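Accompanying notes for the structure given below.
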Amino acid sequence: MDREQAWNIVTEFVQSDSLRKHMLSVEFAMRAYADYYGESADSWGLVGLLHDFDWEIHPTLEQHPMEGAPILRERGLGENDVQTVLSHGPLAERVTLRDKSLHAVDELTGLITAVSLVRPSKNIGDVEVKSIRKKWKDKTFAAGVDRDDIEQAVQELDVDLWEFHVPLVLKAMQDHAVELGLNGI
Ligand SMILES: [Fe+2]
Ligand SMILES: [Fe+2]
């Protein structure tokens, strides 16, 4: 499956603009991690782009992402890619580096988006790692983002949360600020 086919699936199944942008954010972060590990940015980006495609039709953790998998197979997504999409479910096992990277970036993109949108400029270009760190400590801010879960995911990747992980994901999103609608008002 190529990116265009994946994007067509996203636009077919996801109507929410913010969910589409979340999936794009995860795509860009996954591409950055693929580059870091010397892996295929297209393949890592693809699973990032698709990972929440079924959320609107399967909006519970009993259904998502498991019940989306047959649809992805039907549309021609390779089994390896289906398995990585499945691996981001809360009870799923994360086996490959790609699975672990997806887990580590997924919710962080949401926190970074939230931090960008409370800037007066609403511009991700104005966000620094230290502003994310401040909001990270404020557990009432973007309260749905499970900080402990991200910390654990980052440990599995064996990278440093503040020196490496957050800067990498922030930069990946900043590089695509226009597509993410985070380039200011
Ligand atoms: Fe999900
Ligand atoms: Fe997600």
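Identifiers in this document derive from the order of the structure tokens: chains are assigned A, B, ..., residues are numbered from 1 separately in each chain, and ligands are numbered from 1 in order of occurrence.
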
Could you list the protein, DNA and RNA residues that have any atom within 9 Å of ligand 1, counting only C-alpha atoms and all ligand atoms, and write them as a list in words?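 With only C-alpha atoms and all ligand atoms and a cut-off of 9 Å, ligand 1 is contacted by His51, Asp52, Phe53, Asp54, Trp55, Leu61, His64, Pro65, Val85, Leu86, His88, Gly89, Pro90 and Asp106 of chain A.
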
Test item: residues at most 6 Å from Gly184 of chain A, only C-alpha atoms, excluding those fewer than 5 positions along its chain, as an mmCIF file with all heavy atoms, in the first residue's frame:
```
data_model
loop_
_atom_site.group_PDB
_atom_site.id
_atom_site.type_symbol
_atom_site.label_atom_id
_atom_site.label_comp_id
_atom_site.auth_asym_id
_atom_site.auth_seq_id
_atom_site.Cartn_x
_atom_site.Cartn_y
_atom_site.Cartn_z
ATOM 1 N N SER A 121 0.265 32.757 19.788
ATOM 2 C CA SER A 121 0.435 32.705 18.327
ATOM 3 C C SER A 121 -0.187 31.457 17.705
ATOM 4 O O SER A 121 -0.340 31.384 16.490
ATOM 5 C CB SER A 121 1.926 32.709 18.000
ATOM 6 O OG SER A 121 2.540 31.515 18.487
ATOM 7 N N LYS A 122 -0.512 30.471 18.527
ATOM 8 C CA LYS A 122 -0.954 29.158 18.067
ATOM 9 C C LYS A 122 0.008 28.572 17.021
ATOM 10 O O LYS A 122 -0.393 27.869 16.099
ATOM 11 C CB LYS A 122 -2.372 29.217 17.497
ATOM 12 C CG LYS A 122 -3.417 29.693 18.509
ATOM 13 C CD LYS A 122 -4.801 29.272 18.067
ATOM 14 C CE LYS A 122 -5.923 29.911 18.860
ATOM 15 N NZ LYS A 122 -5.780 29.854 20.313
ATOM 16 N N ASN A 123 1.266 28.883 17.202
ATOM 17 C CA ASN A 123 2.282 28.468 16.237
ATOM 18 C C ASN A 123 3.262 27.504 16.910
ATOM 19 O O ASN A 123 3.929 27.860 17.886
ATOM 20 C CB ASN A 123 3.021 29.711 15.727
ATOM 21 C CG ASN A 123 3.926 29.381 14.556
ATOM 22 O OD1 ASN A 123 4.398 28.247 14.404
ATOM 23 N ND2 ASN A 123 4.165 30.379 13.724
#
```

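Nearest residue to ligand 2 among A:Val10, A:Met30, A:Leu117, A:Leu102 is A:Leu102, counting only C-alpha atoms and all ligand atoms.
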
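Comparing A:Asp2, A:Glu163, A:Asp158, A:Glu67 by their smallest distance to Asp81 of chain A, the closest is A:Asp2 (using only C-alpha atoms).
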
Any idea what's packed within 7 Å of segment 32-45 of chain A, counting only C-alpha atoms, ignoring anything in its chain fewer than 4 positions away? Could you give it as a short mmCIF file (atom, residue, chain, number, x, y, z; two decimals) with N, CA and C atoms, in the first residue's frame?
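Listing of around_20.cif after writing:
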```cif
data_model
loop_
_atom_site.label_atom_id
_atom_site.label_comp_id
_atom_site.auth_asym_id
_atom_site.auth_seq_id
_atom_site.Cartn_x
_atom_site.Cartn_y
_atom_site.Cartn_z
N GLU A 27 2.32 10.19 11.80
CA GLU A 27 3.07 9.83 10.59
C GLU A 27 4.42 10.54 10.55
N PHE A 28 4.40 11.85 10.78
CA PHE A 28 5.65 12.62 10.67
C PHE A 28 6.65 12.20 11.75
N LEU A 49 0.24 6.89 9.94
CA LEU A 49 -0.89 7.56 9.29
C LEU A 49 -2.19 6.78 9.48
N ARG A 98 9.47 -0.66 15.53
CA ARG A 98 8.42 0.17 14.94
C ARG A 98 7.20 0.22 15.86
N ALA A 172 9.83 17.09 14.22
CA ALA A 172 9.09 16.45 13.13
C ALA A 172 7.77 17.18 12.88
#
```

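Nearest residue to ligand 2, choosing from A:Gly110, A:Gly76, A:Pro70, A:Gly144 and counting only C-alpha atoms and all ligand atoms: A:Gly110.
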
For Arg75 of chain A, list every protein, DNA or RNA residue within 9 Å, evaluated using only C-alpha atoms, and leave out those in the same chain fewer than 6 positions away; present the list as an NGL selection string. :A and (1 or 5 or 9)

Please compute the atom CA of Glu128 of chain A-atom CA of Leu111 of chain A distance, one decimal, in Å.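 Value for the atom CA of Glu128 of chain A-atom CA of Leu111 of chain A distance: 12.7 Å.
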
Test item, alpha helix (DSSP H) assignment across segment 54-165 of chain A, answer as a ChimeraX atom specification: /A:69-74,79-86,97-117,129-137,147-157

Just the number, please: distance in Å from atom CA of Val26 of chain A to atom CA of Asn80 of chain A, one decimal.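 Computing it gives 18.0 Å between the two atoms.
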
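One distance worth recording is that between atom CA of Met66 of chain A and atom CA of Arg94 of chain A, which is 14.3 Å.
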
Which of these, A:His58, A:Arg20, A:His176, A:Lys100, has the shortest distance to Asp149 of chain A once you count only C-alpha atoms?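 Closest candidate: A:Lys100.
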